[in-house]
Structures are given as C-alpha cells and as structure tokens.
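Take a look at the structure set out below.
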Protein chains: 2
Amino acid sequence: MARKKRDEAAIDAAAAELMRYPRAAVAVDLVVFTIIDADLKVLLIRRGEPPFEGAWALPGGFVRVGPSHREQGEALDDAARRELNEETGLPPGSVYLEQLYTFGESERDPRARVISIAYYALVRPTLAPLVRAGGDAQHAGWCSISEAKSRSLAFDHAKILDTALSRIRGKIDYSNIAFELVPDTFSIPELRAVHEVIKGTSYDPGNFRRRFKRMLTDGIIAPAPGKRITGTKPAKVYRFQGR
Amino acid sequence: MARKKRDEAAIDAAAAELMRYPRAAVAVDLVVFTIIDADLKVLLIRRGEPPFEGAWALPGGFVRVGPSHREQGEALDDAARRELNEETGLPPGSVYLEQLYTFGESERDPRARVISIAYYALVRPTLAPLVRAGGDAQHAGWCSISEAKSRSLAFDHAKILDTALSRIRGKIDYSNIAFELVPDTFSIPELRAVHEVIKGTSYDPGNFRRRFKRMLTDGIIAPAPGKRITGTKPAKVYRFQGR
DNA sequence: CCAAAAGTGTTAACAGTACACCCATGG
DNA sequence: CCATGGGTGTACTGTTAACACTTTTGG
C-alpha cells in the first residue's frame with residue numbers, strides 16, 4: 001500500500017536524522033541483597049580494569065543495543081535479568097528483581113556518557129551460598145552494608161546503594177518483599193529477623209506475630225509442614241501464598 | 001605525574017573501546033498534572049511529524065548528550081527541567097518535578113532504540129492558565145484523564161501515564177505532594193478536593209479536616225491571612241510550611 | 001530445674017469512621 | 001429564612017504498643 005510505504009520512508013528518514021545526534025551508552029547496575037548471619041549483605045565485585053581499577057563496585061553491565069532501528073536489542077528488564085544471572089549464576093525467576101531509579105548525571109563515568117538504570121534484587125538466604133559471583137570468589141562476594149559503605153565504591157555506586165536501601169526500608173512496611181528474603185517455608189521469628197535487620201530496629205515478638213497472623217486469615221500465608229528447631233521451643237513454619 | 005598520565009591514557013583507550021558498541025538515544029518524557037475545574041488534567045501535545053504524526057503524546061525530548069567523554073552533556077534532571085520549561089513556559093522552580101520510571105523496551109520507538117526516563121510534574125492550578133504549551137494552543141493543552149485515555153497516545157505513553165497515575169495515587173497518602181496542587185494559600189476543603197480528584201473517592205469533610213488539623217499542631221501547615229469566599233460560609237486559609 | 005525463645009492475653013492510647021449538629025454566608 | 005457548605009462534637013471500632021504471662025524445648 002502506498003500509504004504504508006510512505007510512512008516507512010518517513011520513519012527511515014527520521015531514523016537517519018536521529019542518528020546524527022550523539023547517543024549515550026546504557027547500563028544496568030544491580031543492588032543484590034541477601035541476609036547472611038542475621039546481617040544484610042550486598043553483592044560487590046572488584047573491578048579488574050580502569051576506571052576505578054581495584055575498587056569495589058556494584059555488578060552490572062551494558063544493555064545490548066541493536067545496530068539499527070529495525071533491530072533494537074534487548075529490553076531493560078531482560079538486560080537486568082541477564083546480568084543478574086551472569087553475575088550470580090542463579091536461575092532466573094528464583095530472584096526478586098525490580099527497577100530502582102535511573103542515574104544519569106554527566107561525568108558519572110569518565111569513559112563516556114553512561115545512563116545507568118539501577119535495579120535491586122532480593123536473594124533468599126538459601127540461595128546465597130550458591131552464588132559464585134562471576135565465577136571468581138576472590139573478586140566478588142557478599143559484603144555487609146557497613147563494610148560496603150566504608151569501602152569507597154566506584155562511580156556513583158554509593159549513592160545507588162543508598163537509594164536501594166531507602167527503597168527496601170520504605171517498601172518492607174507495606175509490601176511483601178520480606179518474603180523474598182526468607183526460605184520458602186519460614187517461621188514468624190525468622191520473618192521478624194528480616195524486618196529487624198532491614199529497618200535496624202527491634203520489634204516486640206508478640207505484636208509482630210499478631211501482625212502476621214492476620215495474613216494467615218487473609219490467606220496471604222498458609223501453614224506449612226515441619227517445624228523450625230532453634231535450641232528452644234520449636235517454631236511453626238509457614239509458606240507465602242502470594243506471588 | 002606519570003601515574004596520572006597513564007590513567008588518562010587507559011581511560012581514553014577504554015572510552016574508544018566503548019564507542020565501538022551501539023548506543024541508544026536517551027529521552028525524557030513528562031507527565032505534567034494540574035487540576036482545573038475540580039478535574040485532574042494532564043498536558044498533551046499533538047505530534048507534528050512521524051512517527052505517530054497527528055497523534056497526542058506526552059511532552060518530552062532528547063537529552064543533550066555531549067560529543068565526547070570529556071564533554072558529556074546535561075544531567076537527566078536538568079534535561080527534564082529544561083523540557084518542562086520549554087513546553088510550558090513556566091519558571092523552573094515553581095513546579096514540583098520527580099523522576100518516575102524508565103521505559104526502555106525495544107521497538108517502543110520505531111525510529112531508533114530510545115530509552116525514556118519519565119518524570120512527573122505537579123503544576124499549581126494558579127499557574128496552569130499561564131501555560132502556553134509550546135507556544136501553540138492548538139497543538140497542546142490540558143486534557144482530562146479520561147479523555148487522554150480514550151485518545152490512543154503515541155509510543156508507550158498510555159503506559160507511562162498509567163504509571164504516573166499510580167504513583168501519585170499511592171504517594172498522596174503518605175507524602176506532601178497534594179500541597180503542590182493547590183495555590184500557595186489554601187483552605188482545607190480545597191485540599192480535600194485535590195485528594196478526592198486524585199483518589200477518585202470522596203472523604204468525610206469532618207474527618208478530613210481533623211486529619212489535616214493535626215498538621216497544624218505539627219507545624220507542617222500554618223494559618224495564613226485572608227479567607228476563601230465560596231458562596232457560603234467563608235473558609236480559613238493555610239500555608240504549607242514544608243519544602 | 002533453668003534459661004531462652006515461642007506463643008498467648010490484657011490493657012490503654014490512638015487513629016479512622018460514621019453521622020448528628022451548629023455556624024456563617026449569599027440569595 | 002433557607003439552602004449550602006464550613007466547621008465542631010461524639011460515639012464506635014479497629015489498630016498499635018507495652019508488657020505480663022504461659023509453653024516448650026535443650027542443657
């Protein structure tokens with residue numbers, strides 16, 4: 001159809017026009033959290049090349065952009081999932097992943113104008129030991145938050161980490177993200193530990209229990225078989241039903 | 001110093017390496033809200049060229065990316081502020097602006113791989129009439145939300161609009177964004193109208209008043225001189241103290 | 001039996017809800 | 001004086017917070 005052909009031509013012309021302007025590299029950076037030894041940890045890698053060679057950084061990488069307007073490359077979410085899998089070896093789908101914020105100051109990367117779309121991920125503690133980050137344990141690993149903050153991270157990664165921390169601290173109160181940081185079956189005290197570690201406060205065991213017992217009647221969590229042996233009175237375990 | 005020189009050279013090499021990969025165009029799109037006639041409005045412009053010629057779209061534009069790694073161009077927030085000023089003519093600083101979400105699916109723009117960082121803005125109703133969008137009233141204007149949804153917007157702008165609506169609907173409950181949609185001095189019923197229009201529900205006048213009277217004792221709002229004449233009993237006006 | 005943590009009960013304060021009612025104004 | 005919406009009072013309900021208490025385990 002002539003109309004369609006004309007539109008195609010117009011788009012080709014517009015595409016060519018667009019190409020005349022400078023473009024930016026697009027990256028995804030990942031703030032991957034887990035809980036180990038009742039402590040919130042973040043995954044860091046040690047940079048092997050300049051800039052910031054030898055410094056610690058958040059895992060991440062460039063989004064695959066196609067060579068033309070007909071072949072545009074992968075979606076941002078797909079890039080984040082791919083990087084997450086490459087850096088942790090964890091099966092995709094086993095980890096909670098959500099877009100966090102986009103960082104695009106100029107000069108944030110000395111090599112080029114790089115726009116970084118940051119994501120955060122929550123890894124269940126049962127999966128955390130399986131992470132052989134980048135295949136090289138010496139150059140990557142779980143790092144406590146205080147430790148991460150004392151190391152001066154590459155680029156603006158300290159700011160990204162802070163943004164991620166604020167996000168999960170805010171969101172844990174009104175969402176179900178806490179369930180992403182416990183095993184598939186969990187006891188109420190385990191869930192409470194997650195809240196305490198993230199918020200940095202302690203909760204009354206009785207009141208906390210009641211708060212989550214409501215979820216039982218609402219069908220958000222359900223009793224699961226088995227108990228959690230803790231050295232004292234064993235705790236009942238539950239399973240998260242949402243998703 | 002030799003060390004510094006070597007680092008510079010390494011960065012230049014890395015920059016050259018980066019340039020070999022395809023890059024993406026980076027845009028900012030704006031969801032500009034205001035309230036007119038007790039109705040939530042969004043600013044739309046009519047596209048003058050392909051693709052989606054003649055369709056309605058959110059205002060926005062490309063981020064200025066510098067030509068080299070030494071000259072990287074403007075920050076994302078600055079680009080958003082600049083576009084906002086260009087499209088509305090409103091003085092920067094008079095409008096609340098916040099990053100919303102980044103949309104980067106492939107094929108979302110047929111011309112090229114375009115990553116769009118969406119922002120939302122809240123314009124006080126007193127400023128809304130001053131907006132001569134793009135200088136051409138025929139090709140831009142305030143549009144009610146239902147109307148905007150019935151028009152099929154260009155690109156993925158319908159999705160961006162939905163995301164912005166969810167954001168402000170969620171955020172109005174626990175933040176002070178409602179104060180950005182009333183004049184500098186406002187009455188409690190005016191503030192209630194803002195909440196009602198955004199949430200789509202109605203609030204009990206007495207209960208709503210009490211809820212915001214608490215802000216008075218907390219110092220978040222303060223009495224302001226003058227009254228609001230409404231045809232019935234005049235209402236006291238207040239001023240928002242935060243910021 | 002003792003320590004320690006799971007789990008239950010009780011109470012007071014507070015915030016949200018529904019609704020009755022009074023007050024100031026324009027017509 | 002009446003309709004209308006601003007503004008106040010009140011009783012009820014549900015949620016939160018503090019804390020005493022009972023239960024079940026390992027040592």
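By convention in this document, the chains of the structure tokens carry letters A, B, ... by their order, each chain's residues are numbered from 1, and ligands are numbered from 1 in the order they are shown.
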| task | Would you kindly report the residues of chain C within 10 Å of chain B, using only C-alpha atoms (C1' of nucleotides), as a PyMOL selection string? | result | chain C and resi 15-19+23-27
Can I get the selected residues back with N, CA and C atoms (P, O5', C5', C4', C3', O3' and C1' of nucleotides), as a PDB file, in the first residue's frame?
ATOM      1  P    DA C  15      -3.011   9.612  66.978  1.00  0.00           P
ATOM      2  O5'  DA C  15      -3.771   8.752  65.883  1.00  0.00           O
ATOM      3  C5'  DA C  15      -3.155   7.578  65.341  1.00  0.00           C
ATOM      4  C4'  DA C  15      -4.097   6.930  64.347  1.00  0.00           C
ATOM      5  C3'  DA C  15      -4.742   7.919  63.374  1.00  0.00           C
ATOM      6  O3'  DA C  15      -4.819   7.316  62.095  1.00  0.00           O
ATOM      7  C1'  DA C  15      -6.431   6.836  64.652  1.00  0.00           C
ATOM      8  P    DG C  16      -5.607   8.031  60.917  1.00  0.00           P
ATOM      9  O5'  DG C  16      -6.942   7.164  60.820  1.00  0.00           O
ATOM     10  C5'  DG C  16      -6.878   5.837  60.309  1.00  0.00           C
ATOM     11  C4'  DG C  16      -8.275   5.283  60.215  1.00  0.00           C
ATOM     12  C3'  DG C  16      -9.189   6.035  59.233  1.00  0.00           C
ATOM     13  O3'  DG C  16      -9.933   5.084  58.503  1.00  0.00           O
ATOM     14  C1'  DG C  16     -10.163   6.022  61.394  1.00  0.00           C
ATOM     15  P    DT C  17     -11.032   5.565  57.430  1.00  0.00           P
ATOM     16  O5'  DT C  17     -12.367   5.520  58.285  1.00  0.00           O
ATOM     17  C5'  DT C  17     -12.848   4.264  58.765  1.00  0.00           C
ATOM     18  C4'  DT C  17     -14.275   4.442  59.237  1.00  0.00           C
ATOM     19  C3'  DT C  17     -15.165   5.254  58.286  1.00  0.00           C
ATOM     20  O3'  DT C  17     -16.330   4.487  58.020  1.00  0.00           O
ATOM     21  C1'  DT C  17     -15.314   6.081  60.506  1.00  0.00           C
ATOM     22  P    DA C  18     -17.377   4.954  56.863  1.00  0.00           P
ATOM     23  O5'  DA C  18     -18.726   5.171  57.676  1.00  0.00           O
ATOM     24  C5'  DA C  18     -18.951   4.469  58.892  1.00  0.00           C
ATOM     25  C4'  DA C  18     -19.965   5.234  59.719  1.00  0.00           C
ATOM     26  C3'  DA C  18     -20.947   6.086  58.913  1.00  0.00           C
ATOM     27  O3'  DA C  18     -22.266   5.767  59.330  1.00  0.00           O
ATOM     28  C1'  DA C  18     -19.956   7.382  60.618  1.00  0.00           C
ATOM     29  P    DC C  19     -23.549   6.277  58.518  1.00  0.00           P
ATOM     30  O5'  DC C  19     -24.037   7.489  59.426  1.00  0.00           O
ATOM     31  C5'  DC C  19     -23.985   7.340  60.848  1.00  0.00           C
ATOM     32  C4'  DC C  19     -24.113   8.684  61.523  1.00  0.00           C
ATOM     33  C3'  DC C  19     -24.984   9.711  60.776  1.00  0.00           C
ATOM     34  O3'  DC C  19     -25.838  10.310  61.706  1.00  0.00           O
ATOM     35  C1'  DC C  19     -23.033  10.695  61.498  1.00  0.00           C
ATOM     36  P    DC C  23     -24.211  27.700  66.852  1.00  0.00           P
ATOM     37  O5'  DC C  23     -23.411  27.917  65.502  1.00  0.00           O
ATOM     38  C5'  DC C  23     -21.994  27.841  65.515  1.00  0.00           C
ATOM     39  C4'  DC C  23     -21.461  28.421  64.213  1.00  0.00           C
ATOM     40  C3'  DC C  23     -21.972  29.827  63.889  1.00  0.00           C
ATOM     41  O3'  DC C  23     -20.870  30.579  63.399  1.00  0.00           O
ATOM     42  C1'  DC C  23     -22.443  28.367  62.097  1.00  0.00           C
ATOM     43  P    DA C  24     -20.872  32.153  63.553  1.00  0.00           P
ATOM     44  O5'  DA C  24     -20.794  32.610  62.036  1.00  0.00           O
ATOM     45  C5'  DA C  24     -19.615  32.339  61.307  1.00  0.00           C
ATOM     46  C4'  DA C  24     -19.931  32.382  59.834  1.00  0.00           C
ATOM     47  C3'  DA C  24     -20.497  33.714  59.356  1.00  0.00           C
ATOM     48  O3'  DA C  24     -19.635  34.178  58.345  1.00  0.00           O
ATOM     49  C1'  DA C  24     -21.791  31.889  58.540  1.00  0.00           C
ATOM     50  P    DT C  25     -19.738  35.703  57.844  1.00  0.00           P
ATOM     51  O5'  DT C  25     -20.472  35.558  56.447  1.00  0.00           O
ATOM     52  C5'  DT C  25     -19.839  34.817  55.401  1.00  0.00           C
ATOM     53  C4'  DT C  25     -20.859  34.362  54.417  1.00  0.00           C
ATOM     54  C3'  DT C  25     -21.662  35.469  53.756  1.00  0.00           C
ATOM     55  O3'  DT C  25     -21.044  35.814  52.535  1.00  0.00           O
ATOM     56  C1'  DT C  25     -22.914  33.471  54.124  1.00  0.00           C
ATOM     57  P    DG C  26     -21.653  37.025  51.670  1.00  0.00           P
ATOM     58  O5'  DG C  26     -22.615  36.242  50.655  1.00  0.00           O
ATOM     59  C5'  DG C  26     -22.065  35.231  49.802  1.00  0.00           C
ATOM     60  C4'  DG C  26     -23.137  34.696  48.879  1.00  0.00           C
ATOM     61  C3'  DG C  26     -23.859  35.766  48.063  1.00  0.00           C
ATOM     62  O3'  DG C  26     -24.166  35.218  46.787  1.00  0.00           O
ATOM     63  C1'  DG C  26     -25.407  34.712  49.524  1.00  0.00           C
ATOM     64  P    DG C  27     -24.899  36.092  45.680  1.00  0.00           P
ATOM     65  O5'  DG C  27     -26.415  35.650  45.813  1.00  0.00           O
ATOM     66  C5'  DG C  27     -26.830  34.352  45.366  1.00  0.00           C
ATOM     67  C4'  DG C  27     -28.251  34.095  45.807  1.00  0.00           C
ATOM     68  C3'  DG C  27     -29.303  35.048  45.198  1.00  0.00           C
ATOM     69  O3'  DG C  27     -30.276  34.309  44.517  1.00  0.00           O
ATOM     70  C1'  DG C  27     -29.598  34.816  47.528  1.00  0.00           C
TER      71       DG C  27
END
| request: as JSON, numbers by chain, please: all residues of segment 40-234 of chain A that backbone DSSP puts in strand (DSSP E). | output: {"A": [40, 41, 42, 43, 44, 45, 46, 56, 57, 60, 61, 62, 65, 66, 67, 68, 71, 72, 73, 96, 97, 98, 99, 100, 101, 102, 103, 114, 115, 116, 117, 118, 119, 120, 121, 122, 140, 141, 142, 143, 144, 185, 186, 187, 221, 222, 223, 224, 225, 226, 227, 228]}
Rotated and translated chain B onto chain A by C-alpha atoms, as a compact mmCIF listing (two decimals) with C-alpha atoms, in the first residue's frame:
# COMPACT_ATOMS: atom_id res chain seq x y z
CA MET B 1 0.10 -0.09 -0.07
CA ALA B 2 1.45 3.30 -1.04
CA ARG B 3 0.51 4.80 2.29
CA LYS B 4 2.43 2.25 4.22
CA LYS B 5 5.45 2.60 1.98
CA ARG B 6 5.45 6.35 2.48
CA ASP B 7 5.30 5.91 6.27
CA GLU B 8 8.21 3.51 6.15
CA ALA B 9 10.24 5.98 4.17
CA ALA B 10 9.38 8.76 6.59
CA ILE B 11 10.49 6.61 9.50
CA ASP B 12 13.72 5.70 7.77
CA ALA B 13 14.36 9.40 7.21
CA ALA B 14 13.57 10.22 10.82
CA ALA B 15 15.81 7.38 11.97
CA ALA B 16 18.68 8.71 9.87
CA GLU B 17 18.08 12.18 11.28
CA LEU B 18 18.20 10.86 14.84
CA MET B 19 21.48 9.10 14.21
CA ARG B 20 23.16 12.44 13.62
CA TYR B 21 22.95 13.34 17.28
CA PRO B 22 25.27 11.95 19.96
CA ARG B 23 23.90 9.01 21.86
CA ALA B 24 24.63 7.55 25.24
CA ALA B 25 25.75 4.17 26.49
CA VAL B 26 23.07 2.51 28.60
CA ALA B 27 23.93 0.30 31.53
CA VAL B 28 22.08 -1.61 34.19
CA ASP B 29 23.52 -1.76 37.70
CA LEU B 30 22.32 -4.26 40.26
CA VAL B 31 21.96 -3.90 44.00
CA VAL B 32 21.66 -7.52 45.04
CA PHE B 33 20.66 -8.05 48.65
CA THR B 34 20.55 -11.12 50.79
CA ILE B 35 20.65 -11.93 54.48
CA ILE B 36 23.49 -14.01 55.93
CA ASP B 37 24.13 -14.51 59.63
CA ALA B 38 21.28 -12.17 60.51
CA ASP B 39 23.01 -9.40 58.60
CA LEU B 40 21.99 -7.58 55.43
CA LYS B 41 24.52 -8.14 52.67
CA VAL B 42 25.04 -6.67 49.23
CA LEU B 43 26.87 -8.26 46.34
CA LEU B 44 30.02 -6.38 45.29
CA ILE B 45 32.59 -7.11 42.66
CA ARG B 46 36.13 -5.87 42.43
CA ARG B 47 36.88 -4.00 39.26
CA GLY B 48 39.61 -5.47 37.10
CA GLU B 49 40.20 -2.59 34.73
CA PRO B 50 40.15 1.20 34.69
CA PRO B 51 38.46 3.37 35.61
CA PHE B 52 38.35 2.63 39.35
CA GLU B 53 40.59 -0.39 38.83
CA GLY B 54 40.81 -2.38 42.03
CA ALA B 55 37.84 -0.59 43.60
CA TRP B 56 34.63 -2.33 44.65
CA ALA B 57 31.54 -1.78 42.57
CA LEU B 58 28.00 -2.98 42.09
CA PRO B 59 27.62 -5.69 39.48
CA GLY B 60 26.21 -4.51 36.20
CA GLY B 61 26.88 -4.15 32.53
CA PHE B 62 25.82 -2.54 29.32
CA VAL B 63 22.47 -3.06 27.74
CA ARG B 64 22.70 -4.73 24.37
CA VAL B 65 21.61 -2.17 21.85
CA GLY B 66 20.99 -3.32 18.31
CA PRO B 67 22.84 -1.88 15.33
CA SER B 68 19.83 -0.36 13.60
CA HIS B 69 16.29 0.81 14.18
CA ARG B 70 15.02 -2.52 12.90
CA GLU B 71 17.06 -4.48 15.36
CA GLN B 72 16.96 -2.61 18.62
CA GLY B 73 18.36 -5.13 21.09
CA GLU B 74 17.17 -6.37 24.47
CA ALA B 75 14.68 -4.75 26.85
CA LEU B 76 15.96 -3.14 30.05
CA ASP B 77 14.34 -5.74 32.29
CA ASP B 78 15.86 -8.50 30.20
CA ALA B 79 19.27 -6.90 30.44
CA ALA B 80 18.94 -6.73 34.21
CA ARG B 81 17.87 -10.39 34.40
CA ARG B 82 20.70 -11.42 32.13
CA GLU B 83 23.30 -9.54 34.16
CA LEU B 84 21.89 -10.96 37.36
CA ASN B 85 22.23 -14.45 36.01
CA GLU B 86 25.72 -13.82 34.65
CA GLU B 87 26.97 -12.35 37.89
CA THR B 88 25.37 -14.81 40.30
CA GLY B 89 24.74 -17.98 38.34
CA LEU B 90 21.31 -18.14 39.97
CA PRO B 91 18.42 -19.38 37.86
CA PRO B 92 16.31 -16.50 36.57
CA GLY B 93 12.91 -16.47 38.22
CA SER B 94 14.27 -17.52 41.59
CA VAL B 95 15.13 -13.96 42.48
CA TYR B 96 12.97 -10.90 43.01
CA LEU B 97 14.03 -8.05 40.71
CA GLU B 98 12.65 -4.54 40.41
CA GLN B 99 13.68 -1.31 38.75
CA LEU B 100 14.98 1.18 41.29
CA TYR B 101 15.97 4.51 39.76
CA THR B 102 17.90 5.88 36.82
CA PHE B 103 21.18 7.69 37.35
CA GLY B 104 22.28 9.88 34.50
CA GLU B 105 24.43 12.74 35.76
CA SER B 106 27.09 13.73 33.32
CA GLU B 107 30.63 12.72 34.27
CA ARG B 108 29.38 9.85 36.41
CA ASP B 109 31.54 7.62 34.20
CA PRO B 110 34.77 9.16 32.88
CA ARG B 111 34.79 6.94 29.82
CA ALA B 112 31.58 8.16 28.25
CA ARG B 113 28.11 9.45 28.90
CA VAL B 114 26.55 6.45 30.58
CA ILE B 115 22.92 6.31 31.69
CA SER B 116 22.54 3.66 34.34
CA ILE B 117 19.19 2.11 35.12
CA ALA B 118 19.60 0.64 38.60
CA TYR B 119 17.68 -2.44 39.71
CA TYR B 120 17.57 -4.09 43.08
CA ALA B 121 17.29 -7.81 43.68
CA LEU B 122 16.41 -9.89 46.73
CA VAL B 123 18.03 -13.31 47.05
CA ARG B 124 16.71 -15.89 49.50
CA PRO B 125 19.33 -16.83 52.10
CA THR B 126 19.04 -20.45 50.95
CA LEU B 127 20.29 -19.42 47.52
CA ALA B 128 22.98 -17.01 48.66
CA PRO B 129 25.70 -19.64 49.20
CA LEU B 130 25.21 -20.88 45.64
CA VAL B 131 26.34 -17.57 44.27
CA ARG B 132 29.77 -17.93 42.75
CA ALA B 133 29.85 -14.41 41.58
CA GLY B 134 31.39 -14.09 38.17
CA GLY B 135 32.94 -17.46 38.83
CA ASP B 136 35.65 -15.88 40.90
CA ALA B 137 35.16 -15.66 44.64
CA GLN B 138 38.19 -13.50 45.17
CA HIS B 139 36.80 -10.72 43.05
CA ALA B 140 33.23 -10.79 44.19
CA GLY B 141 31.23 -11.56 47.24
CA TRP B 142 28.63 -10.72 49.81
CA CYS B 143 29.54 -7.68 51.82
CA SER B 144 27.80 -6.27 54.88
CA ILE B 145 26.24 -2.86 54.40
CA SER B 146 28.49 -1.08 56.87
CA GLU B 147 31.52 -2.61 55.20
CA ALA B 148 30.26 -1.59 51.76
CA LYS B 149 29.79 1.96 52.97
CA SER B 150 33.28 2.16 54.40
CA ARG B 151 34.84 1.00 51.15
CA SER B 152 34.55 3.85 48.70
CA LEU B 153 32.64 2.36 45.83
CA ALA B 154 33.32 3.05 42.17
CA PHE B 155 31.36 5.63 40.15
CA ASP B 156 28.23 6.85 41.99
CA HIS B 157 27.55 3.39 43.33
CA ALA B 158 27.45 4.57 46.96
CA LYS B 159 24.52 6.79 46.03
CA ILE B 160 22.82 3.91 44.21
CA LEU B 161 23.27 1.68 47.23
CA ASP B 162 21.76 4.34 49.50
CA THR B 163 18.79 4.70 47.18
CA ALA B 164 18.24 0.95 47.21
CA LEU B 165 18.43 0.83 51.00
CA SER B 166 15.85 3.61 51.33
CA ARG B 167 13.63 1.80 48.90
CA ILE B 168 13.59 -1.53 50.67
CA ARG B 169 13.31 0.13 54.09
CA GLY B 170 10.26 2.02 52.94
CA LYS B 171 8.72 -0.80 51.00
CA ILE B 172 9.03 -3.54 53.59
CA ASP B 173 6.29 -1.88 55.66
CA TYR B 174 3.54 -1.97 53.06
CA SER B 175 4.55 -4.71 50.64
CA ASN B 176 5.47 -8.37 50.68
CA ILE B 177 9.16 -8.02 49.82
CA ALA B 178 10.21 -9.49 53.18
CA PHE B 179 9.00 -12.88 51.95
CA GLU B 180 11.67 -12.73 49.24
CA LEU B 181 14.37 -12.79 51.90
CA VAL B 182 13.31 -15.94 53.74
CA PRO B 183 13.31 -19.58 52.62
CA ASP B 184 10.16 -20.92 50.96
CA THR B 185 8.93 -22.01 54.35
CA PHE B 186 9.70 -19.79 57.29
CA SER B 187 8.81 -19.17 60.92
CA ILE B 188 7.44 -15.90 62.24
CA PRO B 189 10.64 -15.19 64.20
CA GLU B 190 12.65 -15.66 61.00
CA LEU B 191 10.43 -13.15 59.26
CA ARG B 192 10.81 -10.81 62.20
CA ALA B 193 14.59 -11.08 61.92
CA VAL B 194 14.36 -9.93 58.30
CA HIS B 195 12.34 -6.89 59.30
CA GLU B 196 14.70 -6.10 62.12
CA VAL B 197 17.81 -6.37 60.00
CA ILE B 198 16.39 -4.14 57.28
CA LYS B 199 14.81 -1.51 59.49
CA GLY B 200 17.61 -1.58 62.04
CA THR B 201 15.15 -1.68 64.93
CA SER B 202 13.81 -4.48 67.06
CA TYR B 203 10.19 -5.50 67.24
CA ASP B 204 8.21 -6.91 70.12
CA PRO B 205 7.90 -10.64 69.37
CA GLY B 206 4.29 -10.85 70.50
CA ASN B 207 3.10 -7.82 68.58
CA PHE B 208 5.00 -8.79 65.48
CA ARG B 209 3.50 -12.25 65.56
CA ARG B 210 -0.05 -10.86 65.80
CA ARG B 211 0.59 -8.54 62.87
CA PHE B 212 1.48 -11.50 60.66
CA LYS B 213 -1.12 -13.83 62.06
CA ARG B 214 -3.61 -11.52 60.41
CA MET B 215 -2.08 -12.54 57.07
CA LEU B 216 -2.97 -16.10 57.91
CA THR B 217 -6.68 -15.33 58.17
CA ASP B 218 -6.37 -13.20 55.03
CA GLY B 219 -4.87 -16.14 53.16
CA ILE B 220 -1.63 -14.35 52.36
CA ILE B 221 0.38 -16.96 54.21
CA ALA B 222 -0.55 -20.56 55.00
CA PRO B 223 0.71 -23.12 57.52
CA ALA B 224 3.38 -25.39 56.10
CA PRO B 225 4.42 -28.83 57.31
CA GLY B 226 7.48 -29.15 59.53
CA LYS B 227 8.96 -27.13 62.35
CA ARG B 228 11.98 -24.94 62.80
CA ILE B 229 14.30 -26.30 65.49
CA THR B 230 16.10 -23.47 67.20
CA GLY B 231 17.61 -24.89 70.37
CA THR B 232 14.53 -23.88 72.31
CA LYS B 233 10.87 -24.36 71.62
CA PRO B 234 10.45 -25.25 67.94
CA ALA B 235 8.63 -22.72 65.76
CA LYS B 236 5.79 -23.39 63.34
CA VAL B 237 6.55 -22.68 59.72
CA TYR B 238 4.48 -20.99 57.05
CA ARG B 239 4.49 -20.51 53.32
CA PHE B 240 3.89 -17.29 51.43
CA GLN B 241 0.86 -17.65 49.16
CA GLY B 242 1.04 -14.42 47.15
CA ARG B 243 3.25 -14.05 44.09
| message | Show me, as a PyMOL selection string, the residues of chain D whose atoms get within 9 Å of chain A, using only C-alpha atoms (C1' of nucleotides) for the distance check. | response | chain D and resi 16-18+23-26
Preceding selection exported with C-alpha atoms (C1' of nucleotides) as a PDB file, in the first residue's frame:
ATOM      1  C1'  DT D  16      -0.834  -0.237  67.647  1.00  0.00           C
ATOM      2  C1'  DA D  17       2.263  -0.568  71.633  1.00  0.00           C
ATOM      3  C1'  DA D  18       3.741  -2.043  76.027  1.00  0.00           C
ATOM      4  C1'  DT D  23       4.567 -23.106  76.988  1.00  0.00           C
ATOM      5  C1'  DT D  24       8.104 -25.943  75.087  1.00  0.00           C
ATOM      6  C1'  DT D  25      12.382 -27.157  74.185  1.00  0.00           C
ATOM      7  C1'  DG D  26      17.957 -28.147  75.156  1.00  0.00           C
TER       8       DG D  26
END
| task | Within segment 15-222 of chain B, find each residue whose DSSP state, derived from the backbone, is alpha helix (DSSP H), and express the selection as a PyMOL selection string. | result | chain B and resi 15-19+76-88+145-150+157-171+188-199+205-217
